[in-house]
>>> print(open('target.txt').read())   # compact mmCIF, C-alpha atoms and all ligand atoms
# COMPACT_ATOMS: atom_id res chain seq x y z
CA MET A 248 0.00 0.00 0.00
CA GLU A 249 1.13 3.53 -0.77
CA THR A 250 2.59 5.46 2.10
CA THR A 251 0.20 8.36 1.64
CA GLN A 252 -2.79 6.05 1.63
CA MET A 253 -1.47 4.31 4.70
CA ASN A 254 -1.02 7.63 6.48
CA GLN A 255 -4.51 8.64 5.50
CA SER A 256 -6.16 5.64 7.07
CA GLN A 257 -3.91 6.01 10.10
CA GLU A 258 -4.94 9.59 10.40
CA GLN A 259 -8.62 8.73 10.13
CA TYR A 260 -8.26 6.15 12.84
CA PHE A 261 -6.41 8.68 14.98
CA GLN A 262 -9.07 11.35 14.49
CA GLY A 263 -11.73 8.76 15.27
CA LYS A 264 -10.14 8.12 18.65
CA ILE A 265 -9.97 11.85 19.34
CA ASP A 266 -13.63 12.28 18.40
CA GLU A 267 -14.57 9.47 20.76
CA GLU A 268 -12.60 11.13 23.58
CA ILE A 269 -10.07 8.31 23.70
CA ARG A 270 -6.79 9.70 24.99
CA ILE A 271 -3.65 9.38 22.89
CA GLU A 272 -0.75 7.72 24.69
CA PRO A 273 2.99 8.04 23.94
CA ARG A 274 3.42 4.90 21.89
CA ASP A 275 0.25 5.31 19.81
CA TRP A 276 0.56 6.40 16.22
CA MET A 277 0.01 10.13 15.83
CA PRO A 278 0.39 12.61 12.97
CA GLU A 279 3.82 14.23 12.99
CA LYS A 280 2.16 17.64 13.15
CA TYR A 281 0.24 16.64 16.27
CA ARG A 282 3.48 15.58 17.90
CA GLN A 283 5.22 18.80 16.91
CA THR A 284 2.36 20.99 18.08
CA LEU A 285 2.38 19.25 21.45
CA VAL A 286 6.14 19.43 21.88
CA ARG A 287 6.02 23.14 21.11
CA GLN A 288 3.07 23.83 23.40
CA ILE A 289 4.15 21.64 26.32
CA SER A 290 7.77 22.78 26.29
CA GLN A 291 6.70 26.40 26.03
CA HIS A 292 4.44 25.81 28.98
CA ALA A 293 7.27 24.15 30.93
CA HIS A 294 9.64 27.01 30.17
CA SER A 295 7.01 29.47 31.42
CA GLU A 296 6.80 27.71 34.76
CA ILE A 297 10.57 27.75 35.11
CA VAL A 298 11.16 31.35 34.00
CA GLY A 299 8.10 32.33 36.05
CA MET A 300 10.06 31.58 39.21
CA LEU A 301 12.41 34.50 38.53
CA PRO A 302 10.13 37.54 39.05
CA GLU A 303 8.70 36.02 42.23
CA GLY A 304 11.95 34.63 43.56
CA ASN A 305 13.05 38.23 43.52
CA TRP A 306 10.82 38.90 46.56
CA ILE A 307 11.50 35.86 48.72
CA THR A 308 14.19 37.60 50.75
CA ARG A 309 12.06 40.72 51.10
CA ALA A 310 8.69 39.21 51.96
CA PRO A 311 7.17 41.27 54.80
CA SER A 312 6.69 38.41 57.28
CA LEU A 313 7.79 34.86 57.94
CA ARG A 314 4.34 33.61 56.91
CA ARG A 315 4.54 35.44 53.59
CA LYS A 316 8.06 34.18 53.06
CA ALA A 317 7.10 30.57 53.70
CA THR A 318 4.10 30.69 51.36
CA LEU A 319 6.07 32.40 48.62
CA ILE A 320 8.82 29.81 48.83
CA ALA A 321 6.21 27.06 48.65
CA LYS A 322 4.59 28.68 45.62
CA VAL A 323 7.87 29.14 43.77
CA GLN A 324 8.81 25.55 44.55
CA ASP A 325 5.48 24.43 43.11
CA GLU A 326 6.27 26.30 39.89
CA ALA A 327 9.55 24.38 39.61
CA GLY A 328 7.52 21.20 40.05
CA HIS A 329 5.09 22.28 37.33
CA GLY A 330 7.99 22.83 34.97
CA LEU A 331 9.26 19.32 35.72
CA TYR A 332 5.87 17.61 35.26
CA LEU A 333 5.60 19.33 31.90
CA TYR A 334 9.14 18.64 30.73
CA SER A 335 8.60 14.98 31.51
CA ALA A 336 5.30 15.00 29.57
CA ALA A 337 7.08 16.55 26.57
CA GLU A 338 9.84 13.95 26.80
CA THR A 339 7.31 11.16 26.21
CA LEU A 340 6.94 12.64 22.72
CA GLY A 341 10.53 11.87 21.84
CA THR A 342 12.27 15.14 22.57
CA SER A 343 15.06 15.37 25.14
CA ARG A 344 15.37 17.64 28.14
CA ALA A 345 18.71 18.96 26.93
CA GLU A 346 17.23 19.83 23.56
CA MET A 347 14.35 21.75 25.14
CA ILE A 348 16.68 23.66 27.45
CA ASP A 349 18.88 24.53 24.48
CA GLN A 350 15.89 25.90 22.61
CA LEU A 351 14.90 28.04 25.58
CA HIS A 352 18.41 29.42 25.96
CA SER A 353 18.90 30.11 22.26
CA GLY A 354 15.60 31.97 22.15
CA LYS A 355 14.13 29.50 19.67
CA ALA A 356 11.52 28.36 22.18
CA LYS A 357 9.27 30.94 23.77
CA TYR A 358 7.86 31.23 27.26
CA SER A 359 4.93 33.29 28.44
CA SER A 360 5.60 36.97 27.87
CA ILE A 361 4.11 37.89 31.22
CA PHE A 362 7.38 36.99 32.93
CA ASN A 363 9.21 39.68 31.02
CA TYR A 364 7.67 42.34 33.23
CA PRO A 365 9.42 43.45 36.43
CA THR A 366 8.18 42.96 40.00
CA LEU A 367 8.62 46.44 41.44
CA SER A 368 6.84 46.20 44.80
CA TRP A 369 5.57 43.59 47.24
CA ALA A 370 2.05 44.20 45.91
CA ASP A 371 3.24 42.75 42.60
CA ILE A 372 3.48 39.35 44.27
CA GLY A 373 -0.18 39.67 45.18
CA ALA A 374 -1.13 40.82 41.68
CA ILE A 375 0.80 37.95 40.09
CA GLY A 376 -0.92 35.38 42.27
CA TRP A 377 -4.36 36.81 41.59
CA LEU A 378 -4.05 37.74 37.91
CA VAL A 379 -1.19 35.76 36.42
CA ASP A 380 -1.91 32.50 38.21
CA GLY A 381 -5.60 33.27 37.71
CA ALA A 382 -5.14 33.53 33.94
CA ALA A 383 -2.96 30.42 33.99
CA ILE A 384 -5.69 28.48 35.80
CA MET A 385 -8.27 29.63 33.25
CA ASN A 386 -6.00 28.22 30.56
CA GLN A 387 -5.00 25.08 32.39
CA VAL A 388 -8.28 23.73 33.66
CA PRO A 389 -9.51 22.78 30.15
CA LEU A 390 -6.09 21.25 29.48
CA THR A 391 -6.78 18.57 32.10
CA ARG A 392 -9.02 17.14 29.34
CA THR A 393 -6.58 17.64 26.50
CA SER A 394 -6.29 14.71 24.10
CA TYR A 395 -2.70 13.71 24.90
CA GLY A 396 -2.66 11.53 28.02
CA PRO A 397 0.63 12.53 29.69
CA TYR A 398 -0.11 16.23 29.17
CA ALA A 399 -3.60 15.90 30.61
CA ARG A 400 -2.30 14.01 33.65
CA ALA A 401 0.41 16.60 34.27
CA MET A 402 -2.22 19.33 34.10
CA VAL A 403 -4.40 17.59 36.66
CA ARG A 404 -1.51 17.74 39.10
CA VAL A 405 -0.73 21.36 38.21
CA CYS A 406 -4.32 22.50 38.63
CA LYS A 407 -4.63 20.93 42.05
CA GLU A 408 -1.75 23.11 43.19
CA GLU A 409 -2.58 26.35 41.39
CA SER A 410 -5.59 27.27 43.45
CA PHE A 411 -3.41 27.92 46.51
CA HIS A 412 -1.28 30.24 44.37
CA GLN A 413 -4.20 32.36 43.36
CA ARG A 414 -5.69 32.49 46.83
CA GLN A 415 -2.43 33.52 48.49
CA GLY A 416 -2.08 36.29 45.90
CA PHE A 417 -5.56 37.60 46.45
CA GLU A 418 -5.01 37.49 50.19
CA ILE A 419 -1.92 39.68 49.82
CA LEU A 420 -3.93 42.24 47.86
CA LEU A 421 -6.86 42.04 50.24
CA THR A 422 -4.55 42.79 53.17
CA LEU A 423 -3.02 45.76 51.35
CA SER A 424 -6.45 47.01 50.31
CA ARG A 425 -7.43 47.21 53.97
CA GLY A 426 -4.21 48.95 54.94
CA THR A 427 -2.90 52.50 54.94
CA GLU A 428 -3.32 54.98 52.10
CA ALA A 429 0.16 54.13 50.86
CA GLN A 430 -0.59 50.40 50.91
CA ARG A 431 -3.82 50.92 49.00
CA ALA A 432 -1.97 52.97 46.41
CA MET A 433 0.64 50.24 46.10
CA CYS A 434 -2.11 47.67 45.57
CA GLN A 435 -3.81 49.72 42.84
CA ASP A 436 -0.51 50.43 41.15
CA ALA A 437 0.33 46.73 40.94
CA ILE A 438 -3.09 45.91 39.50
CA ASN A 439 -2.67 48.70 36.96
CA ARG A 440 0.63 47.34 35.75
CA TRP A 441 -0.30 43.63 35.68
CA TRP A 442 -3.82 43.83 34.27
CA TRP A 443 -3.14 44.23 30.55
CA PRO A 444 -0.19 41.86 30.37
CA SER A 445 -2.42 39.28 32.11
CA VAL A 446 -5.21 39.82 29.57
CA MET A 447 -2.61 39.25 26.85
CA MET A 448 -1.58 35.94 28.42
CA PHE A 449 -4.32 34.19 26.45
CA GLY A 450 -2.40 34.91 23.27
CA PRO A 451 -3.38 36.56 20.00
CA SER A 452 -7.06 36.98 19.22
CA ASP A 453 -8.77 34.15 17.38
CA ASP A 454 -8.60 35.74 13.93
CA ALA A 455 -4.83 36.12 14.38
CA SER A 456 -4.10 32.58 15.56
CA PRO A 457 -4.10 30.33 12.50
CA HIS A 458 -3.37 27.10 14.42
CA THR A 459 -6.39 27.29 16.69
CA ALA A 460 -8.73 25.39 14.34
CA GLN A 461 -6.38 22.42 14.01
CA SER A 462 -5.64 22.36 17.75
CA MET A 463 -9.36 22.37 18.49
CA LYS A 464 -9.97 19.56 16.00
CA TRP A 465 -7.28 17.51 17.72
CA LYS A 466 -8.72 18.55 21.08
CA ILE A 467 -5.38 19.80 22.26
CA LYS A 468 -7.31 22.99 22.94
CA ARG A 469 -10.88 23.00 24.13
CA PHE A 470 -11.57 26.73 24.02
CA THR A 471 -10.23 29.51 21.85
CA ASN A 472 -7.98 32.26 23.18
CA ASP A 473 -10.77 34.82 23.04
CA GLU A 474 -13.26 32.57 24.82
CA LEU A 475 -10.85 32.04 27.71
CA ARG A 476 -9.91 35.71 27.80
CA GLN A 477 -13.57 36.71 28.08
CA LYS A 478 -14.09 34.30 30.96
CA PHE A 479 -11.08 35.77 32.73
CA VAL A 480 -12.26 39.36 32.30
CA ASP A 481 -15.74 38.46 33.55
CA VAL A 482 -14.37 36.82 36.68
CA CYS A 483 -11.82 39.52 37.52
CA ALA A 484 -14.22 42.41 36.92
CA GLU A 485 -16.29 41.02 39.79
CA GLN A 486 -13.42 40.00 42.07
CA VAL A 487 -11.77 43.42 41.92
CA LYS A 488 -14.82 44.91 43.63
CA MET A 489 -14.00 42.94 46.74
CA LEU A 490 -10.67 44.72 46.88
CA GLY A 491 -12.32 48.11 46.46
CA MET A 492 -9.88 48.66 43.60
CA SER A 493 -10.41 49.10 39.87
CA LEU A 494 -9.11 47.57 36.67
CA PRO A 495 -7.30 50.05 34.39
CA ASP A 496 -9.81 49.94 31.55
CA ASP A 497 -12.31 52.76 30.91
CA ASN A 498 -14.23 50.58 28.50
CA LEU A 499 -14.85 47.81 30.99
CA LYS A 500 -18.63 47.61 31.21
CA TRP A 501 -21.20 44.90 31.85
CA ASN A 502 -23.08 44.08 28.67
CA GLU A 503 -26.52 42.88 29.65
CA GLU A 504 -27.33 41.59 26.18
CA LYS A 505 -24.22 39.46 25.81
CA GLY A 506 -24.08 38.44 29.45
CA HIS A 507 -20.39 39.37 29.45
CA TYR A 508 -18.20 42.33 30.21
CA ASP A 509 -17.13 44.51 27.29
CA PHE A 510 -13.53 45.58 27.53
CA GLY A 511 -11.07 47.88 25.79
CA THR A 512 -8.80 47.01 22.89
CA ILE A 513 -5.58 45.20 23.60
CA ASP A 514 -2.31 46.83 22.60
CA TRP A 515 -1.13 44.04 20.30
CA GLN A 516 1.89 46.00 19.32
CA GLU A 517 3.12 45.81 22.89
CA PHE A 518 2.31 42.10 22.94
CA TRP A 519 4.33 41.29 19.81
CA ASN A 520 7.09 43.57 20.93
CA VAL A 521 7.54 41.60 24.15
CA VAL A 522 7.15 38.26 22.37
CA SER A 523 9.92 39.20 19.98
CA GLY A 524 12.31 39.86 22.83
CA ASN A 525 11.97 43.54 23.59
CA GLY A 526 9.99 43.52 26.82
CA PRO A 527 11.41 45.21 29.92
CA CYS A 528 13.07 42.04 31.27
CA ASN A 529 13.55 39.59 28.35
CA ARG A 530 17.31 39.83 28.36
CA GLU A 531 17.59 39.72 32.13
CA ARG A 532 15.39 36.61 32.42
CA LEU A 533 17.25 34.64 29.78
CA ALA A 534 20.61 35.70 31.15
CA ALA A 535 19.58 34.49 34.62
CA ARG A 536 18.45 31.12 33.22
CA ILE A 537 21.62 30.62 31.21
CA LYS A 538 23.82 31.63 34.12
CA ALA A 539 22.09 29.18 36.46
CA HIS A 540 22.39 26.41 33.88
CA GLU A 541 26.06 27.03 33.15
CA GLU A 542 27.09 27.48 36.75
CA GLY A 543 25.29 24.25 37.62
CA ALA A 544 27.13 22.25 34.96
CA TRP A 545 29.93 21.09 37.25
CA VAL A 546 27.37 19.86 39.80
CA ARG A 547 25.57 17.80 37.17
CA ASP A 548 28.86 16.39 35.91
CA ALA A 549 30.12 15.61 39.41
CA ALA A 550 26.90 13.81 40.34
CA MET A 551 27.10 11.73 37.19
CA ALA A 552 30.77 10.91 37.75
CA TYR A 553 30.01 9.89 41.33
CA ALA A 554 27.09 7.68 40.26
CA GLU A 555 29.28 6.09 37.61
CA LYS A 556 32.00 5.37 40.15
CA GLN A 557 29.54 3.83 42.61
CA ARG A 558 28.16 1.64 39.85
CA MET A 559 31.62 0.38 38.91
CA LYS A 560 32.35 -0.36 42.55
CA THR A 561 29.23 -2.51 42.98
CA GLU A 562 29.91 -4.26 39.71
CA ARG A 563 33.42 -5.10 40.84
CA SER A 564 32.32 -6.36 44.23
CA VAL A 565 29.68 -8.54 42.59
CA ALA A 566 32.15 -9.98 40.10
CA MET B 194 -2.17 -4.50 8.71
CA LYS B 195 0.81 -3.49 10.80
CA TYR B 196 2.43 -0.12 11.28
CA TYR B 197 5.65 0.46 13.07
CA ILE B 198 6.69 3.48 15.11
CA LYS B 199 10.22 4.61 14.52
CA ASN B 200 10.63 7.00 17.41
CA GLN B 201 11.87 5.50 20.62
CA LEU B 202 9.53 6.66 23.31
CA TYR B 203 9.46 5.79 26.93
CA GLY B 204 8.68 2.21 27.65
CA ASP B 205 10.03 1.43 24.22
CA PHE B 206 13.61 0.59 25.03
CA GLY B 207 13.51 -2.97 26.18
CA ASP B 208 16.86 -4.61 25.73
CA ARG B 209 18.22 -1.76 23.68
CA GLU B 210 19.41 0.22 26.66
CA GLY B 211 22.33 2.47 26.05
CA VAL B 212 21.55 2.81 22.37
CA LYS B 213 20.96 6.40 21.47
CA SER B 214 17.89 6.65 19.30
CA SER B 215 18.46 7.76 15.76
CA GLY B 216 16.95 11.16 15.22
CA THR B 217 13.50 10.90 13.73
CA GLY B 218 10.86 13.57 13.85
CA MET B 219 11.42 16.04 16.64
CA GLY B 220 15.08 15.37 17.02
CA GLY B 221 13.90 11.95 18.09
CA GLY B 222 16.16 11.56 21.14
CA PHE B 223 14.25 10.01 24.03
CA GLU B 224 17.12 10.90 26.20
CA ASP B 225 20.18 12.81 25.19
CA LEU B 226 22.50 10.31 26.78
CA THR B 227 25.55 12.48 26.64
CA ARG B 228 23.99 15.52 28.26
CA ASP B 229 21.01 14.51 30.39
CA TRP B 230 21.06 12.52 33.59
CA PRO B 231 19.34 9.17 33.05
CA LEU B 232 15.54 9.18 32.98
CA TRP B 233 13.62 7.40 35.76
CA GLU B 234 9.98 6.42 36.01
CA VAL B 235 8.37 7.18 39.37
CA PHE B 236 5.73 5.05 41.10
CA ILE B 237 4.01 6.16 44.29
CA ARG B 238 1.94 4.35 46.88
CA SER B 239 -0.50 7.01 48.03
CA LYS B 240 -1.39 5.15 51.22
CA GLN B 241 -0.87 1.83 52.92
CA GLY B 242 -2.96 -0.87 51.32
CA LEU B 243 -2.86 0.57 47.80
CA ASP B 244 -0.65 -0.32 44.84
CA HIS B 245 2.17 1.86 43.64
CA LYS B 246 0.98 3.89 40.69
CA HIS B 247 2.96 5.49 37.89
CA VAL B 248 3.03 9.27 38.34
CA GLY B 249 5.62 10.51 35.84
CA SER B 250 9.31 10.64 35.28
CA LEU B 251 12.39 12.65 36.17
CA HIS B 252 16.11 12.79 35.60
CA ALA B 253 18.65 11.76 38.24
CA ALA B 254 22.24 10.57 38.40
CA ASP B 255 21.44 7.50 40.50
CA ALA B 256 18.62 5.72 42.31
CA GLN B 257 19.06 7.56 45.57
CA MET B 258 18.88 10.92 43.86
CA ALA B 259 15.89 9.75 41.85
CA ILE B 260 14.03 8.93 45.07
CA GLU B 261 14.98 12.23 46.65
CA ASN B 262 13.92 14.17 43.57
CA ALA B 263 10.69 12.17 43.35
CA ARG B 264 9.92 13.15 46.93
CA ASP B 265 10.39 16.85 46.07
CA VAL B 266 8.65 16.76 42.72
CA TYR B 267 5.77 14.35 43.28
CA THR B 268 4.99 14.35 47.00
CA ARG B 269 4.99 17.94 48.23
CA ARG B 270 1.50 17.49 49.68
CA GLN B 271 1.61 14.08 51.31
CA GLU B 272 0.67 12.33 48.08
CA GLY B 273 2.61 9.26 49.04
CA VAL B 274 3.98 6.95 51.71
CA SER B 275 6.31 4.98 49.49
CA ILE B 276 8.24 5.64 46.29
CA TRP B 277 9.57 3.28 43.64
CA VAL B 278 11.88 4.45 40.90
CA VAL B 279 13.12 2.47 37.95
CA GLU B 280 15.36 3.62 35.16
CA SER B 281 13.11 4.11 32.14
CA LYS B 282 15.33 2.04 29.89
CA TYR B 283 14.48 -1.05 31.92
CA ILE B 284 10.74 -0.78 31.25
CA HIS B 285 9.49 -3.27 28.69
CA ALA B 286 6.15 -2.41 27.16
CA SER B 287 3.60 -4.04 24.92
CA ASN B 288 3.19 -2.56 21.48
CA PRO B 289 -0.08 -0.64 21.00
CA ASP B 290 -0.27 -2.07 17.47
CA ASP B 291 -0.57 -5.52 18.99
CA ALA B 292 -3.53 -4.51 21.14
CA GLU B 293 -5.95 -6.44 18.96
CA SER B 294 -4.14 -9.75 19.01
CA LEU B 295 -3.28 -9.36 22.70
CA TYR B 296 -6.66 -8.41 24.09
CA ASP B 297 -9.21 -9.44 21.50
CA PRO B 298 -9.28 -13.15 22.39
CA ALA B 299 -10.70 -12.06 25.75
CA ASN B 300 -13.62 -10.49 23.93
CA ASP B 301 -15.41 -13.74 23.09
CA LYS B 302 -15.02 -15.22 26.54
CA VAL B 303 -17.91 -13.43 28.17
CA TYR B 304 -18.45 -16.52 30.33
CA ARG B 305 -15.54 -15.23 32.41
CA HIS B 306 -17.84 -12.57 33.81
CA PRO B 307 -20.36 -13.30 36.55
CA THR B 308 -23.15 -11.54 34.64
CA PHE B 309 -23.00 -14.28 31.98
CA TYR B 310 -24.88 -16.69 34.26
CA ASP B 311 -28.64 -16.34 34.34
CA LEU B 312 -29.94 -17.25 37.78
CA PRO B 313 -33.27 -16.65 39.55
CA ASP B 314 -33.61 -13.31 41.38
CA GLU B 315 -34.64 -15.17 44.54
CA LEU B 316 -31.16 -16.58 44.87
CA LYS B 317 -29.47 -14.56 47.62
CA HIS B 318 -25.85 -13.96 48.60
CA MET B 319 -24.32 -14.92 45.27
FE FE C 1 2.35 29.45 36.89
FE FE C 2 2.39 26.78 37.75
FE FE C 3 1.15 29.02 39.91
>>> encode(input="target.txt", output="structure tokens")
Amino acid sequence: METTQMNQSQEQYFQGKIDEEIRIEPRDWMPEKYRQTLVRQISQHAHSEIVGMLPEGNWITRAPSLRRKATLIAKVQDEAGHGLYLYSAAETLGTSRAEMIDQLHSGKAKYSSIFNYPTLSWADIGAIGWLVDGAAIMNQVPLTRTSYGPYARAMVRVCKEESFHQRQGFEILLTLSRGTEAQRAMCQDAINRWWWPSVMMFGPSDDASPHTAQSMKWKIKRFTNDELRQKFVDVCAEQVKMLGMSLPDDNLKWNEEKGHYDFGTIDWQEFWNVVSGNGPCNRERLAARIKAHEEGAWVRDAAMAYAEKQRMKTERSVA
Amino acid sequence: MKYYIKNQLYGDFGDREGVKSSGTGMGGGFEDLTRDWPLWEVFIRSKQGLDHKHVGSLHAADAQMAIENARDVYTRRQEGVSIWVVESKYIHASNPDDAESLYDPANDKVYRHPTFYDLPDELKHM
């Protein structure tokens, strides 16, 4: 049988499984494009978790109390864990960890642009937990039902842990919002700076994301970027009231007819600018990652050499 | 009809350990043997009385480090009371393409299930 014909029937069988909600597992046949899309998406997601530790790690030593310090450490440690769950899911698709790390460091692989913004005050840690983790959760919950088994299972674990992240963030803002005038101002300022980048976290609008249709057909994605973004805006527009703060958008208005909030236009030029490497912290973030990786090289080598030596020793004593 | 997968994915190594996979598709390497620590599969017993269950994988230089890393990565919230790790290259797996020949014969043996036997409703405790 011709290869193309063979691939066609394979592909039909594959799509049939997807349509029936049967999960795809690592050793099942899958279209090369499906594999590539997943490797790109999962590794990008993993990189985001890892780079995402940098802006928050920045405040661990300066957290205002021991309680805040302990929770922030726990949160940042969770993010490292999320990165590892995801890297290991991507590795089941036949890519290697070293290859993914290389692609991050060379700039070939992207990570979420949100982490290219600076954390200027303690309130930023609150705003990140509420908005950034909030947007991430919005994105991640549907991914627990994504069609690729290992990715879906990793996301289940991630989602279980994320809700603490968002709650601790909101609690930080709530505390500030009930504080002094200066603390309230700090809270509002952080919300002002993090709001739009968070709204952009859902990616380009549907008419500008050509791969969405295919990803939806393969059930890698369950909702479009704009659908998720709308959900996020609707939820936050209500939650911000509890803080007695406002979102920096004059066009934010409840639309009775649609049953959703209307909101202002996104500055896509800023979005693409940051994606292409020119955000406030792109260079700093990558430099920090590369430095950590390079300075850790001797530790990795030493551990391997030690393990190798131990193995030889046991082999010799057995022989 | 049979189709064969060329990529070496986890659980696909069998007795070929130590052989670096030839690059197919996405660079194809299941493990970049020269640069990554070996890959380990992690199994966790969530509480006494239950089986160990596969939870994912991680890289580590040796078994002890794999267990320590597994504790940090997979049990930060008391998810387990016992951890098993095994180097991924030692996992032997069935081929999904063989699923039919492996599991189909069980299909026509419905008499292996208790519901196959038609008994009066009055019969208790059975
Ligand atoms: Fe995150
Ligand atoms: Fe996370
Ligand atoms: Fe998080």
>>> atom_distance(input="target.txt", atom1="CA of Leu301 (chain A)", atom2="CA of Leu533 (chain A)")
10.0 Å
>>> residues_around(input="target.txt", residues="region 280-286 of chain A", least_positions_apart="3", cutoff="9 Å", atoms="only C-alpha atoms", output="PDB file with C-alpha atoms, keeping the file's coordinate frame")
ATOM      1  CA  MET A 277       0.010  10.130  15.830  1.00  0.00           C
ATOM      2  CA  ILE A 289       4.150  21.640  26.320  1.00  0.00           C
ATOM      3  CA  SER A 290       7.770  22.780  26.290  1.00  0.00           C
ATOM      4  CA  GLN A 291       6.700  26.400  26.030  1.00  0.00           C
ATOM      5  CA  ALA A 336       5.300  15.000  29.570  1.00  0.00           C
ATOM      6  CA  ALA A 337       7.080  16.550  26.570  1.00  0.00           C
ATOM      7  CA  GLU A 338       9.840  13.950  26.800  1.00  0.00           C
ATOM      8  CA  LEU A 340       6.940  12.640  22.720  1.00  0.00           C
ATOM      9  CA  GLY A 341      10.530  11.870  21.840  1.00  0.00           C
ATOM     10  CA  THR A 342      12.270  15.140  22.570  1.00  0.00           C
ATOM     11  CA  TYR A 395      -2.700  13.710  24.900  1.00  0.00           C
ATOM     12  CA  TYR A 398      -0.110  16.230  29.170  1.00  0.00           C
ATOM     13  CA  SER A 462      -5.640  22.360  17.750  1.00  0.00           C
ATOM     14  CA  TRP A 465      -7.280  17.510  17.720  1.00  0.00           C
ATOM     15  CA  ILE A 467      -5.380  19.800  22.260  1.00  0.00           C
TER      16      ILE A 467
ATOM     17  CA  GLY B 218      10.860  13.570  13.850  1.00  0.00           C
ATOM     18  CA  MET B 219      11.420  16.040  16.640  1.00  0.00           C
TER      19      MET B 219
END
>>> closest_residue(input="target.txt", among="A:Glu503, A:Glu408, A:Asp371, A:Asp380", to="chain B", atoms="all atoms listed in the file")
A:Glu408
>>> interface_residues(input="target.txt", of="chain A", to="chain B", cutoff="7 Å", atoms="only C-alpha atoms", output="compact mmCIF listing (two decimals) with C-alpha atoms, in the coordinates of the input")
# COMPACT_ATOMS: atom_id res chain seq x y z
CA PRO A 273 2.99 8.04 23.94
CA ARG A 274 3.42 4.90 21.89
CA ASP A 275 0.25 5.31 19.81
CA TRP A 276 0.56 6.40 16.22
CA GLN A 283 5.22 18.80 16.91
CA GLY A 328 7.52 21.20 40.05
CA SER A 335 8.60 14.98 31.51
CA GLU A 338 9.84 13.95 26.80
CA THR A 339 7.31 11.16 26.21
CA LEU A 340 6.94 12.64 22.72
CA GLY A 341 10.53 11.87 21.84
CA THR A 342 12.27 15.14 22.57
CA SER A 343 15.06 15.37 25.14
CA ARG A 344 15.37 17.64 28.14
CA ALA A 345 18.71 18.96 26.93
CA ALA A 550 26.90 13.81 40.34
CA MET A 551 27.10 11.73 37.19
CA ALA A 554 27.09 7.68 40.26
>>> closest_residue(input="target.txt", among="A:Ala534, A:Ile307, A:Ser523, A:Asn439", to="Tyr358 (chain A)", atoms="only C-alpha atoms")
A:Ser523
>>> closest_atom_pairs(input="target.txt", of="chain A", to="ligand FE 2 (chain C)", cutoff="9 Å", atoms="only C-alpha atoms and all ligand atoms", output="tab-separated table")
residue	atom	partner	partner_atom	distance
A:Ala293	CA	C:FE2	FE	8.8
A:Ser295	CA	C:FE2	FE	8.3
A:Glu296	CA	C:FE2	FE	5.4
A:Ile297	CA	C:FE2	FE	8.7
A:Gly299	CA	C:FE2	FE	8.1
A:Lys322	CA	C:FE2	FE	8.4
A:Val323	CA	C:FE2	FE	8.5
A:Asp325	CA	C:FE2	FE	6.6
A:Glu326	CA	C:FE2	FE	4.5
A:Ala327	CA	C:FE2	FE	7.8
A:Gly328	CA	C:FE2	FE	7.9
A:His329	CA	C:FE2	FE	5.3
A:Gly330	CA	C:FE2	FE	7.4
A:Asp380	CA	C:FE2	FE	7.2
A:Ala383	CA	C:FE2	FE	7.5
A:Ile384	CA	C:FE2	FE	8.5
A:Val405	CA	C:FE2	FE	6.3
A:Cys406	CA	C:FE2	FE	8.0
A:Glu408	CA	C:FE2	FE	7.8
A:Glu409	CA	C:FE2	FE	6.2
A:His412	CA	C:FE2	FE	8.3
>>> atom_distance(input="target.txt", atom1="CA of Ala382 (chain A)", atom2="CA of Asp473 (chain A)")
12.3 Å
>>> residues_around(input="target.txt", residues="Gly242 (chain B)", least_positions_apart="3", cutoff="12 Å", atoms="all atoms listed in the file", output="PyMOL selection string")
chain B and resi 238-239+245+273-275
>>> write_last_selection(input="target.txt", atoms="C-alpha atoms", output="mmCIF file, in the coordinates of the input")
data_model
loop_
_atom_site.group_PDB
_atom_site.id
_atom_site.type_symbol
_atom_site.label_atom_id
_atom_site.label_comp_id
_atom_site.auth_asym_id
_atom_site.auth_seq_id
_atom_site.Cartn_x
_atom_site.Cartn_y
_atom_site.Cartn_z
ATOM 1 C CA ARG B 238 1.940 4.350 46.880
ATOM 2 C CA SER B 239 -0.500 7.010 48.030
ATOM 3 C CA HIS B 245 2.170 1.860 43.640
ATOM 4 C CA GLY B 273 2.610 9.260 49.040
ATOM 5 C CA VAL B 274 3.980 6.950 51.710
ATOM 6 C CA SER B 275 6.310 4.980 49.490
#
>>> residues_around(input="target.txt", residues="Ile260 (chain B)", least_positions_apart="6", cutoff="8 Å", atoms="only C-alpha atoms", output="PyMOL selection string")
chain B and resi 276-278
>>> atom_distance(input="target.txt", atom1="CA of Met300 (chain A)", atom2="CA of Arg547 (chain A)")
20.8 Å
>>> residues_around(input="target.txt", residues="Leu421 (chain A)", least_positions_apart="4", cutoff="7 Å", atoms="all atoms listed in the file", output="PDB file with C-alpha atoms, in the coordinates of the input")
ATOM      1  CA  PHE A 417      -5.560  37.600  46.450  1.00  0.00           C
ATOM      2  CA  ARG A 425      -7.430  47.210  53.970  1.00  0.00           C
ATOM      3  CA  LEU A 490     -10.670  44.720  46.880  1.00  0.00           C
TER       4      LEU A 490
END
>>> axis_aligned_box(input="target.txt", around="region 335-350 of chain A", padding_each_side="8 Å", output="JSON")
{"center_x": 12.1, "center_y": 18.5, "center_z": 26.7, "size_x": 29.6, "size_y": 30.7, "size_z": 25.7}
>>> closest_residue(input="target.txt", among="A:Gly373, A:Gly511, A:Gly354, A:Pro365", to="Ala310 (chain A)", atoms="only C-alpha atoms")
A:Gly373
